[in-house]
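A quick write-up on the structure given underneath.
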Amino acid sequence: MNKLGATRFAVVALLFLASCSSGRRSAEFTLDGVTAPPRVCALNPQDFAQAERVPDFHLDNGCGVANGYKIYTINDVGLNPSALITCDLADSVSTWLSTMVQPAAQATYGQRVVAIKVLASYSCRSRDNINGAKLSEHGFGNAIDIGSFILEDGREVNVLHDYYGNGPDQKFLHSIRAQACGLFSTVLGPGSDADHSNHFHLDKMFLRPGRGTYCR
Ligand SMILES: [Zn+2]
């Protein structure tokens, strides 16, 4: 890494830390029953994504990201804005986009998804922003919230507005949500609870033996 790159990483890390400590969405949380994800990195995200490695960081309160990357595009799908997520999560998002989302978009619209709107990635906060709840997987960079999908022709398929709509948008959104279950540990969205009415939450929570995926 050159000196400019190193400086940029440091600035990025500081910005994330600043948003964590002073952000309005920073309810208190507990670490009881929370396990940080294992350091898994089967593929280098730079092989399938425009991605910058972010130096590992660990805060005293339990938040932190290991094997983190700032991702700008995955498989030529833009992330708007860019997301700080783990290598392992990036890998699964890549698989989801290329083997589930793009085929569904082609089948439904005859065109591909060119960008996704990211509502959250790394964020040091409790689950559902509830005071006293467990630390969210977002606190490890192990979760991503997606609010909409932008098609080649510029049209936006929006989770909040189109999930319960009629026709192709509903079919597309229901299909890619259902397929995500299993690839990800947790899949939440409209109908899960009030906090997820406007996005899909996808995470790779570490699953202890006997604990299955959580998709509802
Ligand atoms: Zn989320």
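Starting from 1 in every chain, residues are counted up; chains themselves are A, B, ... following the order of the structure tokens, and ligands are numbered from 1 as listed.
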*Write down as a PyMOL selection string the residues of stretch 3-214 of chain A whose backbone DSSP state falls under strand (DSSP E or B).*
chain A and resi 30+49-54+57-58+64-65+68-74+77-86+113-120+126+134-135+143-151+156-158+181+184+186-188+200-203+214
*Would you name the residues within 6 Å of ligand 1, counting only C-alpha atoms and all ligand atoms, and put them as a ChimeraX atom specification?*
/A:143-145,201
Could you give me, as a tab-separated table, every stretch 181-208 of chain A residue with an atom at most 12 Å from stretch 37-49 of chain A, plus its closest atom pair and distance in Å to one decimal, counting only C-alpha atoms, rows ordered by chain then number?
residue	atom	partner	partner_atom	distance
A:Ser185	CA	A:Pro37	CA	11.3
A:Asp203	CA	A:Pro37	CA	10.3
A:Lys204	CA	A:Pro37	CA	7.7
A:Met205	CA	A:Pro37	CA	6.4
A:Phe206	CA	A:Pro37	CA	5.3
A:Leu207	CA	A:Pro37	CA	9.0
A:Arg208	CA	A:Pro37	CA	10.7
N, CA, C and O atoms of the current selection, written as a short mmCIF file (atom, residue, chain, number, x, y, z; two decimals), in the first residue's frame:
data_model
loop_
_atom_site.label_atom_id
_atom_site.label_comp_id
_atom_site.auth_asym_id
_atom_site.auth_seq_id
_atom_site.Cartn_x
_atom_site.Cartn_y
_atom_site.Cartn_z
N SER A 185 -27.03 -16.19 7.09
CA SER A 185 -27.54 -16.75 8.35
C SER A 185 -28.88 -16.15 8.71
O SER A 185 -29.77 -16.82 9.22
N ASP A 203 -27.21 -11.02 6.88
CA ASP A 203 -25.98 -11.13 7.66
C ASP A 203 -25.45 -12.56 7.68
O ASP A 203 -26.13 -13.50 7.28
N LYS A 204 -24.21 -12.67 8.13
CA LYS A 204 -23.54 -13.97 8.22
C LYS A 204 -23.20 -14.27 9.69
O LYS A 204 -22.08 -14.66 10.02
N MET A 205 -24.18 -14.07 10.53
CA MET A 205 -24.00 -14.37 11.95
C MET A 205 -23.41 -15.76 12.13
O MET A 205 -23.82 -16.71 11.46
N PHE A 206 -22.45 -15.87 13.05
CA PHE A 206 -21.87 -17.17 13.34
C PHE A 206 -22.95 -18.08 13.93
O PHE A 206 -23.62 -17.71 14.90
N LEU A 207 -23.15 -19.25 13.31
CA LEU A 207 -24.18 -20.17 13.77
C LEU A 207 -23.55 -21.25 14.64
O LEU A 207 -22.79 -22.08 14.15
N ARG A 208 -23.89 -21.20 15.91
CA ARG A 208 -23.40 -22.23 16.81
C ARG A 208 -24.03 -23.57 16.42
O ARG A 208 -25.11 -23.57 15.81
#
*Would you list the contacts of A:Gln170 as a list in words, taking every protein, DNA or RNA residue within 12 Å and counting only C-alpha atoms, but skipping same-chain residues closer than 2 positions in sequence?*
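Listed by chain and then number, they are Ala104, Ala105, Thr108, Val157, Asn158, Val159, Leu160, His161, Asp162, Tyr163, Tyr164, Gly165, Asn166, Gly167, Pro168, Phe172, Leu173, His174, Ser175, Ile176, Arg177 and Pro190 of chain A.
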Please produce a file of those selected residues containing N, CA, C and O atoms, as a CSV table (one decimal), in the first residue's frame.
chain,number,residue,atom,x,y,z
A,104,ALA,N,-32.9,-13.5,-11.6
A,104,ALA,CA,-34.3,-13.1,-11.3
A,104,ALA,C,-34.6,-11.8,-12.0
A,104,ALA,O,-35.7,-11.6,-12.6
A,105,ALA,N,-33.7,-10.9,-12.1
A,105,ALA,CA,-33.9,-9.6,-12.8
A,105,ALA,C,-34.1,-9.9,-14.3
A,105,ALA,O,-34.9,-9.3,-15.0
A,108,THR,N,-37.5,-11.4,-14.8
A,108,THR,CA,-38.6,-10.6,-14.5
A,108,THR,C,-38.6,-9.3,-15.5
A,108,THR,O,-39.7,-8.9,-15.9
A,157,VAL,N,-36.3,-0.4,-8.1
A,157,VAL,CA,-37.2,-1.3,-7.5
A,157,VAL,C,-37.0,-1.2,-6.0
A,157,VAL,O,-35.9,-1.6,-5.5
A,158,ASN,N,-38.0,-0.7,-5.2
A,158,ASN,CA,-37.8,-0.3,-3.9
A,158,ASN,C,-38.5,-1.2,-2.9
A,158,ASN,O,-39.7,-1.5,-3.0
A,159,VAL,N,-37.7,-1.7,-1.9
A,159,VAL,CA,-38.3,-2.6,-0.9
A,159,VAL,C,-39.5,-2.0,-0.2
A,159,VAL,O,-40.5,-2.7,-0.1
A,160,LEU,N,-39.4,-0.8,0.2
A,160,LEU,CA,-40.5,-0.2,1.0
A,160,LEU,C,-41.8,-0.1,0.1
A,160,LEU,O,-42.9,-0.4,0.5
A,161,HIS,N,-41.6,0.4,-1.1
A,161,HIS,CA,-42.8,0.7,-1.9
A,161,HIS,C,-43.3,-0.4,-2.8
A,161,HIS,O,-44.5,-0.5,-3.1
A,162,ASP,N,-42.4,-1.3,-3.1
A,162,ASP,CA,-42.8,-2.3,-4.1
A,162,ASP,C,-42.9,-3.8,-3.6
A,162,ASP,O,-43.4,-4.6,-4.3
A,163,TYR,N,-42.5,-4.0,-2.3
A,163,TYR,CA,-42.6,-5.4,-1.8
A,163,TYR,C,-44.0,-5.9,-1.8
A,163,TYR,O,-44.2,-7.1,-2.0
A,164,TYR,N,-44.9,-5.1,-1.4
A,164,TYR,CA,-46.3,-5.5,-1.4
A,164,TYR,C,-47.1,-5.0,-2.5
A,164,TYR,O,-48.3,-5.0,-2.5
A,165,GLY,N,-46.4,-4.5,-3.5
A,165,GLY,CA,-47.1,-4.0,-4.7
A,165,GLY,C,-47.5,-5.2,-5.6
A,165,GLY,O,-47.4,-6.3,-5.2
A,166,ASN,N,-48.1,-4.8,-6.7
A,166,ASN,CA,-48.6,-5.9,-7.6
A,166,ASN,C,-47.5,-6.1,-8.7
A,166,ASN,O,-46.7,-5.3,-9.0
A,167,GLY,N,-47.7,-7.3,-9.4
A,167,GLY,CA,-46.9,-7.5,-10.6
A,167,GLY,C,-45.5,-7.9,-10.4
A,167,GLY,O,-45.1,-8.5,-9.4
A,168,PRO,N,-44.6,-7.5,-11.3
A,168,PRO,CA,-43.3,-8.1,-11.4
A,168,PRO,C,-42.4,-7.6,-10.3
A,168,PRO,O,-41.5,-8.4,-9.8
A,172,PHE,N,-40.2,-10.2,-8.1
A,172,PHE,CA,-38.7,-10.1,-8.1
A,172,PHE,C,-38.2,-10.1,-6.6
A,172,PHE,O,-37.3,-10.8,-6.2
A,173,LEU,N,-38.8,-9.2,-5.8
A,173,LEU,CA,-38.3,-8.9,-4.5
A,173,LEU,C,-38.6,-10.2,-3.6
A,173,LEU,O,-37.7,-10.5,-2.8
A,174,HIS,N,-39.7,-10.8,-3.7
A,174,HIS,CA,-40.0,-12.0,-2.9
A,174,HIS,C,-39.0,-13.1,-3.3
A,174,HIS,O,-38.6,-13.9,-2.4
A,175,SER,N,-38.8,-13.3,-4.6
A,175,SER,CA,-37.9,-14.3,-5.1
A,175,SER,C,-36.5,-14.2,-4.5
A,175,SER,O,-35.9,-15.1,-4.0
A,176,ILE,N,-35.9,-13.0,-4.6
A,176,ILE,CA,-34.5,-12.9,-4.2
A,176,ILE,C,-34.4,-12.9,-2.7
A,176,ILE,O,-33.3,-13.3,-2.2
A,177,ARG,N,-35.4,-12.5,-2.0
A,177,ARG,CA,-35.4,-12.6,-0.5
A,177,ARG,C,-35.4,-14.1,-0.1
A,177,ARG,O,-34.6,-14.5,0.7
A,190,PRO,N,-39.5,-6.7,5.0
A,190,PRO,CA,-40.9,-6.3,5.3
A,190,PRO,C,-41.6,-7.5,5.9
A,190,PRO,O,-41.5,-8.6,5.4
_Pick from A:Ser148, A:Tyr122, A:Val114, A:Ser92 nearest to A:Tyr69, counting only C-alpha atoms_ =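 Using only C-alpha atoms, A:Tyr69 sits closest to A:Tyr122.
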*Using only C-alpha atoms, pick whichever of A:Ala120, A:Ala36, A:Leu31, A:Ala107 has the shortest atom-to-atom distance to A:Ala133.*
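Residue with the minimum atom-to-atom distance to A:Ala133: A:Leu31.
Atom CA of A:Asn131 sits 24.6 Å away from atom CA of A:Ala83.
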*Within 9 Å of A:Glu28, counting only C-alpha atoms, which residues show up once you throw out same-chain ones fewer than 3 positions away? Write them as a PyMOL selection string, please.*
chain A and resi 125-126+129-135
Output all heavy atoms for every residue in that selection, as a compact mmCIF listing (two decimals), in the first residue's frame.
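Saved as result28.txt:
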# COMPACT_ATOMS: atom_id res chain seq x y z
N ARG A 125 -23.91 -0.55 16.80
CA ARG A 125 -25.21 -0.28 17.44
C ARG A 125 -25.87 -1.59 17.86
O ARG A 125 -25.45 -2.67 17.47
CB ARG A 125 -26.12 0.49 16.49
CG ARG A 125 -26.43 -0.24 15.19
CD ARG A 125 -27.50 0.50 14.42
NE ARG A 125 -27.73 0.00 13.08
CZ ARG A 125 -28.47 -1.06 12.78
NH1 ARG A 125 -28.98 -1.82 13.75
NH2 ARG A 125 -28.64 -1.41 11.53
N SER A 126 -26.97 -1.43 18.59
CA SER A 126 -27.72 -2.61 19.02
C SER A 126 -28.63 -3.09 17.89
O SER A 126 -28.87 -2.38 16.92
CB SER A 126 -28.57 -2.25 20.24
OG SER A 126 -29.52 -1.25 19.88
N ASN A 129 -31.74 -1.07 16.87
CA ASN A 129 -31.54 0.19 17.62
C ASN A 129 -32.30 0.22 18.94
O ASN A 129 -32.67 1.28 19.44
CB ASN A 129 -31.94 1.40 16.76
CG ASN A 129 -31.05 1.55 15.55
OD1 ASN A 129 -29.87 1.84 15.67
ND2 ASN A 129 -31.60 1.30 14.37
N ILE A 130 -32.56 -0.96 19.50
CA ILE A 130 -33.28 -1.03 20.76
C ILE A 130 -32.27 -0.96 21.90
O ILE A 130 -31.30 -1.73 21.94
CB ILE A 130 -34.10 -2.34 20.86
CG1 ILE A 130 -35.20 -2.34 19.79
CG2 ILE A 130 -34.68 -2.51 22.26
CD1 ILE A 130 -35.90 -3.68 19.64
N ASN A 131 -32.50 -0.04 22.82
CA ASN A 131 -31.59 0.14 23.93
C ASN A 131 -31.50 -1.14 24.76
O ASN A 131 -32.52 -1.69 25.16
CB ASN A 131 -32.09 1.31 24.79
CG ASN A 131 -30.93 2.07 25.40
OD1 ASN A 131 -29.89 2.24 24.76
ND2 ASN A 131 -31.11 2.51 26.62
N GLY A 132 -30.28 -1.62 25.01
CA GLY A 132 -30.08 -2.80 25.83
C GLY A 132 -30.12 -4.11 25.08
O GLY A 132 -29.86 -5.17 25.65
N ALA A 133 -30.46 -4.08 23.79
CA ALA A 133 -30.49 -5.32 23.00
C ALA A 133 -29.07 -5.77 22.68
O ALA A 133 -28.09 -5.08 22.99
CB ALA A 133 -31.28 -5.09 21.71
N LYS A 134 -28.96 -6.95 22.07
CA LYS A 134 -27.64 -7.46 21.70
C LYS A 134 -27.00 -6.58 20.64
O LYS A 134 -27.69 -5.92 19.87
CB LYS A 134 -27.77 -8.88 21.14
CG LYS A 134 -28.18 -9.92 22.16
CD LYS A 134 -28.28 -11.28 21.51
CE LYS A 134 -28.68 -12.33 22.53
NZ LYS A 134 -28.86 -13.66 21.92
N LEU A 135 -25.67 -6.62 20.61
CA LEU A 135 -24.94 -5.93 19.55
C LEU A 135 -25.37 -6.50 18.21
O LEU A 135 -25.41 -7.72 18.02
CB LEU A 135 -23.43 -6.12 19.74
CG LEU A 135 -22.54 -5.61 18.61
CD1 LEU A 135 -22.65 -4.09 18.46
CD2 LEU A 135 -21.09 -6.01 18.86
_Quick check, in Å to one decimal: how far apart do atom CA of A:Trp96 and atom CA of A:Leu183 lie?_
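Atom CA of A:Trp96 sits 7.6 Å away from atom CA of A:Leu183.
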*Using only C-alpha atoms, which residues sit within 6 Å of A:Phe140 once same-chain residues fewer than 6 positions away are excluded, as a PyMOL selection string?*
chain A and resi 63-65
*Between A:Val93, A:Phe149, A:Ile116, A:Gly191, which is the closest to A:Gln179 once you count only C-alpha atoms?*
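Looking at the shortest contact to A:Gln179, the residue is A:Val93.
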*Residue contacts of A:Ala51 (9 Å, only C-alpha atoms) excluding same-chain residues fewer than 6 positions away, as number ranges by chain*: A: 45, 69-74
